[in-house]
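Dropping my_file.txt in here (compact mmCIF, C-alpha atoms):
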```
# COMPACT_ATOMS: atom_id res chain seq x y z
CA MET B 1 136.80 14.45 42.84
CA ALA B 2 135.66 13.82 46.43
CA PRO B 3 135.32 16.80 48.76
CA TYR B 4 138.34 17.37 51.01
CA PHE B 5 136.47 16.44 54.18
CA GLU B 6 135.87 12.95 52.77
CA THR B 7 139.57 12.29 52.10
CA ALA B 8 141.23 14.04 55.06
CA LYS B 9 142.37 12.06 58.12
CA SER B 10 139.73 12.30 60.84
CA PHE B 11 140.40 12.57 64.56
CA ALA B 12 137.91 9.72 64.89
CA ASP B 13 140.56 7.49 63.25
CA VAL B 14 143.43 8.41 65.59
CA PRO B 15 144.37 5.28 67.57
CA ILE B 16 144.20 5.62 71.34
CA THR B 17 145.54 2.81 73.50
CA ASP B 18 146.43 2.43 77.16
CA GLU B 19 149.82 3.89 76.18
CA GLY B 20 148.24 7.04 74.80
CA VAL B 21 147.33 8.92 71.63
CA ASP B 22 149.23 7.81 68.51
CA THR B 23 151.58 10.69 67.67
CA ALA B 24 151.98 10.26 63.90
CA THR B 25 148.26 9.83 63.21
CA PHE B 26 147.36 12.74 65.51
CA LEU B 27 149.79 15.00 63.64
CA LEU B 28 148.30 13.93 60.30
CA ALA B 29 144.72 14.51 61.49
CA SER B 30 145.70 17.89 62.96
CA THR B 31 147.37 18.95 59.72
CA ASP B 32 144.42 17.83 57.60
CA PHE B 33 141.99 19.61 59.95
CA VAL B 34 143.90 22.89 59.69
CA ASN B 35 144.29 22.55 55.92
CA MET B 36 140.53 22.17 55.55
CA PHE B 37 140.19 25.86 56.40
CA ASP B 38 142.28 26.76 53.34
CA LEU B 39 139.10 26.09 51.37
CA LEU B 40 137.65 29.28 52.78
CA GLY B 41 140.36 31.32 51.02
CA GLY B 42 141.72 34.72 51.83
CA GLY B 43 143.23 33.75 55.15
CA VAL B 44 139.88 34.09 56.92
CA PHE B 45 141.00 31.66 59.59
CA ALA B 46 144.66 32.74 59.41
CA PHE B 47 144.74 33.77 63.08
CA VAL B 48 143.83 30.23 64.09
CA GLN B 49 145.66 28.39 61.31
CA ASN B 50 149.00 30.11 61.90
CA ASP B 51 148.92 29.27 65.59
CA LEU B 52 147.90 25.67 64.99
CA ARG B 53 150.43 25.15 62.19
CA GLY B 54 153.26 26.54 64.30
CA ASN B 55 152.38 24.26 67.17
CA ILE B 56 151.96 21.22 64.91
CA ALA B 57 155.47 21.97 63.60
CA GLY B 58 156.81 22.13 67.17
CA VAL B 59 155.32 18.76 68.12
CA ARG B 60 156.40 17.24 64.80
CA GLN B 61 159.97 18.49 65.28
CA ARG B 62 160.17 16.79 68.67
CA TYR B 63 158.58 13.62 67.27
CA GLU B 64 161.04 13.43 64.38
CA ALA B 65 163.99 14.05 66.72
CA ALA B 66 162.98 11.12 68.96
CA ALA B 67 160.43 9.04 67.04
CA ALA B 68 161.38 5.77 68.75
CA ASP B 69 160.68 7.33 72.16
CA SER B 70 157.53 9.13 71.02
CA PRO B 71 155.01 6.64 69.61
CA THR B 72 152.30 8.35 71.67
CA LEU B 73 151.90 11.98 72.63
CA GLU B 74 152.10 11.02 76.29
CA LYS B 75 155.45 9.27 75.77
CA LEU B 76 156.70 12.18 73.70
CA VAL B 77 156.01 14.52 76.62
CA ARG B 78 157.39 12.23 79.32
CA ASN B 79 160.58 11.53 77.38
CA GLU B 80 161.15 15.15 76.45
CA CYS B 81 160.60 16.36 80.00
CA GLU B 82 163.31 14.01 81.28
CA GLY B 83 165.77 16.35 79.58
CA ARG B 84 166.05 20.10 79.65
CA GLU B 85 164.20 20.82 76.42
CA ARG B 86 160.42 21.27 76.59
CA ALA B 87 159.63 22.95 73.28
CA GLY B 88 157.61 20.00 71.97
CA THR B 89 155.60 19.83 75.18
CA ALA B 90 154.90 23.56 75.13
CA SER B 91 153.81 23.27 71.49
CA LEU B 92 151.50 20.38 72.39
CA VAL B 93 149.87 22.38 75.20
CA ARG B 94 149.19 25.30 72.83
CA LEU B 95 148.08 22.96 70.03
CA VAL B 96 145.56 21.22 72.26
CA ARG B 97 144.27 24.63 73.40
CA GLY B 98 143.88 25.83 69.79
CA LEU B 99 142.17 22.62 68.72
CA TRP B 100 139.87 22.87 71.75
CA PHE B 101 138.91 26.43 70.74
CA THR B 102 138.20 25.38 67.15
CA CYS B 103 136.38 22.23 68.21
CA GLU B 104 134.09 24.15 70.56
CA ALA B 105 133.34 26.77 67.90
CA LEU B 106 132.37 24.10 65.38
CA ARG B 107 130.37 22.22 68.02
CA ASN B 108 128.51 25.50 68.75
CA MET B 109 127.84 25.79 65.01
CA GLN B 110 126.30 22.33 64.91
CA GLU B 111 124.22 22.76 68.06
CA ASP B 112 122.89 26.25 67.26
CA ARG B 113 121.78 26.05 63.64
CA ASN B 114 120.51 29.64 63.67
CA ALA B 115 123.72 31.28 64.90
CA GLU B 116 126.17 32.78 62.45
CA LEU B 117 129.67 31.37 62.53
CA HIS B 118 131.25 34.46 64.08
CA VAL B 119 128.89 34.11 67.05
CA CYS B 120 129.94 30.47 67.50
CA PHE B 121 133.63 31.41 67.38
CA LYS B 122 133.06 34.32 69.79
CA ARG B 123 131.42 31.99 72.31
CA SER B 124 134.34 29.60 72.04
CA PHE B 125 136.88 32.43 72.31
CA ASP B 126 135.20 33.82 75.44
CA ALA B 127 135.13 30.40 77.10
CA ILE B 128 138.58 29.10 76.17
CA LEU B 129 141.02 31.77 74.98
CA ARG B 130 139.98 35.22 76.22
CA HIS B 131 141.56 34.85 79.66
CA ARG B 132 144.83 33.61 78.11
CA LEU B 133 145.41 36.56 75.79
CA PRO B 134 146.86 39.92 76.80
CA PHE B 135 144.32 42.73 76.89
CA ILE B 136 145.91 44.42 73.88
CA ALA B 137 145.53 41.33 71.64
CA ARG B 138 141.83 40.82 72.31
CA PRO B 139 140.55 43.50 69.89
CA VAL B 140 142.67 42.03 67.08
CA VAL B 141 141.12 38.61 67.65
CA ALA B 142 137.65 40.16 67.87
CA VAL B 143 138.12 41.73 64.42
CA ALA B 144 139.41 38.42 63.01
CA ILE B 145 136.41 36.57 64.42
CA ARG B 146 134.04 39.08 62.81
CA ALA B 147 135.66 38.27 59.44
CA VAL B 148 134.56 34.63 59.63
CA PRO B 149 132.24 33.86 56.69
CA HIS B 150 128.51 33.51 56.99
CA ARG B 151 127.24 30.03 57.81
CA GLN B 152 125.86 29.40 54.32
CA GLU B 153 129.11 30.46 52.63
CA PHE B 154 131.14 28.34 55.06
CA TYR B 155 129.13 25.23 54.21
CA ALA B 156 129.28 25.89 50.47
CA ARG B 157 133.07 26.22 50.47
CA ILE B 158 133.85 23.43 52.94
CA THR B 159 131.58 20.89 51.26
CA GLN B 160 132.89 21.75 47.77
CA GLY B 161 129.54 20.92 46.23
CA GLY B 162 129.11 17.81 48.38
CA SER B 163 126.26 17.07 50.71
CA HIS B 164 125.87 19.38 53.71
CA GLU B 165 124.25 16.53 55.60
CA ARG B 166 127.18 14.22 54.92
CA PHE B 167 129.60 16.96 55.98
CA ASP B 168 127.67 17.43 59.23
CA ASN B 169 127.76 13.68 59.88
CA GLU B 170 131.51 13.52 59.22
CA LEU B 171 132.14 16.67 61.26
CA THR B 172 130.23 15.14 64.18
CA LYS B 173 132.59 12.15 64.08
CA TRP B 174 135.67 14.38 63.75
CA LEU B 175 134.61 16.51 66.69
CA ALA B 176 133.72 13.51 68.88
CA GLY B 177 137.15 12.02 68.18
CA LEU B 178 138.84 15.36 68.82
CA GLU B 179 136.90 15.94 72.04
CA GLY B 180 138.03 12.56 73.37
CA ILE B 181 141.65 13.37 72.56
CA ILE B 182 141.41 16.85 74.08
CA HIS B 183 139.82 15.51 77.26
CA ARG B 184 142.51 12.85 77.62
CA LEU B 185 145.42 15.21 76.91
CA ARG B 186 144.12 18.01 79.11
CA GLY B 187 143.98 15.60 82.03
CA PHE B 188 147.39 14.13 81.27
CA LEU B 189 149.11 17.49 80.85
CA THR B 190 147.53 19.03 83.93
CA ASP B 191 147.92 16.01 86.21
CA GLY B 192 151.56 15.55 85.18
CA ARG B 193 152.23 19.28 85.60
CA TYR B 194 153.46 19.51 82.05
CA GLY B 195 151.24 22.49 81.24
CA THR B 196 147.74 23.87 81.52
CA VAL B 197 145.56 23.82 78.43
```

Can you present the structure in this file as C-alpha cells?
Amino acid sequence: MAPYFETAKSFADVPITDEGVDTATFLLASTDFVNMFDLLGGGVFAFVQNDLRGNIAGVRQRYEAAAADSPTLEKLVRNECEGRERAGTASLVRLVRGLWFTCEALRNMQEDRNAELHVCFKRSFDAILRHRLPFIARPVVAVAIRAVPHRQEFYARITQGGSHERFDNELTKWLAGLEGIIHRLRGFLTDGRYGTV
C-alpha cells in the first residue's frame, strides 16, 4: 500500500484561475493535509487539527449551501458577504491563518535540517499566531508545541516506511502550492476588507 502522502490531494494540484482558487479541490486538499497528521497518533497535533477541521467544516458548509455561487473561494466570500451571514468567510480567514502557521512550520523543518520539529513550530507560532492569541492561551499552546514528536519519529510515521527523500520532494510541492494559495487569499481577504489573516 502506498504511503498516505502519495495518495492524498496536494495543494499543488488545486486549480487557480483568474476567477480564483477552486473551492472543492481546496477543501479536499485541506482535509487530506490535516488528516495526514493522524499518522502521528495520540492527538499530538490536535491543537492544530481541531482548529483546521472546524474551519474546513465552516467553509464547506457555506460551499454546500451555495455551491453554484461558490466555484472559487473568492466567489464564495463575495457572494456570502452580499448577505448578512459571514460564517463561511470567517472560517476561511481562520483556515488560511492555520494553514499558514502549519506551512511555515513545515517549511522551517525543511530549511533547517538540524532543528527539532518543536523548534520549527515555535518559530512559526511566534511569527504568525502569538499576537492573535490571548495571553492566557499562550502557555497551553507552548505545551502542545513541546509535545510535537522528534524529527526522526515524525519522518518515520509520516512516510509509513516510504522514502524520506520522496516525502521531502512531495512536501516541497505541497508547500509551494499552499504558499501560492495563502499569498493569493491573504491579499484578497485583506484588500476586500473581508478579514485579516

One decimal, Å: what's the distance from atom CA of Ile16 of chain B over to atom CA of Phe125 of chain B, could you say?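 Separation of atom CA of Ile16 of chain B and atom CA of Phe125 of chain B: 27.8 Å.
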
Check the smallest atom-to-atom distance from each of B:Ser91, B:Asn169, B:Arg107, B:Arg146 to Val197 of chain B using only C-alpha atoms, then report the winner.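 When distances to Val197 of chain B are compared using only C-alpha atoms, the smallest one comes from B:Ser91.
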
Tell me, in Å to one decimal, how far atom CA of Leu129 of chain B is from atom CA of Val141 of chain B.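 A separation of 10.0 Å between them.
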
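Taking atom CA of Thr7 of chain B and atom CA of Leu40 of chain B as the two end points, the separation is 17.1 Å.
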
Residues proximal to (147.0, 19.6, 74.7) were defined as those with any atom within 8 Å of that point in the file's coordinates, counting all atoms listed in the file. Which are they, as a list in words? Leu92, Val93, Arg94, Leu95, Val96, Arg97, Ile182, Leu185, Arg186, Leu189 and Val197 of chain B

Using all atoms listed in the file - which residues lie no farther than 9 Å from the point (131.7, 28.3, 71.7) in the file's frame? Write them as an NGL selection string. :B and (101-109 or 119-128)

Among listed residues B:Glu80, B:Asp191, B:Asn114, B:Gly162, nearest Ala67 of chain B (using all atoms listed in the file): B:Glu80

I'd like the neighbourhood of Met1 of chain B as a count of residues only, where a residue qualifies if any of its atoms comes within 12 Å (using only C-alpha atoms), though same-chain residues fewer than 2 positions away should be ignored. 9

Residue neighbourhood Phe47 of chain B, 9 Å, all atoms listed in the file, exclusion window fewer than 4 positions, as number ranges by chain: B: 43, 51-52, 141, 144-145

Let me make sure I understand: among B:Thr72, B:Asn50, B:Ser163, B:Thr89, which one has the smallest atom-to-atom distance to Thr196 of chain B if we use all atoms listed in the file?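 With all atoms listed in the file as the atom set, the closest residue is B:Thr89.
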
Among B:Thr172, B:Leu73, B:Gly58, B:His131, Pro15 of chain B is approached most closely, using all atoms listed in the file, by B:Leu73

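Of the listed residues (B:Met36, B:His118, B:Glu74, B:Trp174), B:Glu74 comes nearest to Thr190 of chain B; the distances count all atoms listed in the file.
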
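Using only C-alpha atoms, the shortest contact distance between His150 of chain B and any of B:Ala176, B:Leu117, B:Leu27, B:Ala66 is found at B:Leu117.
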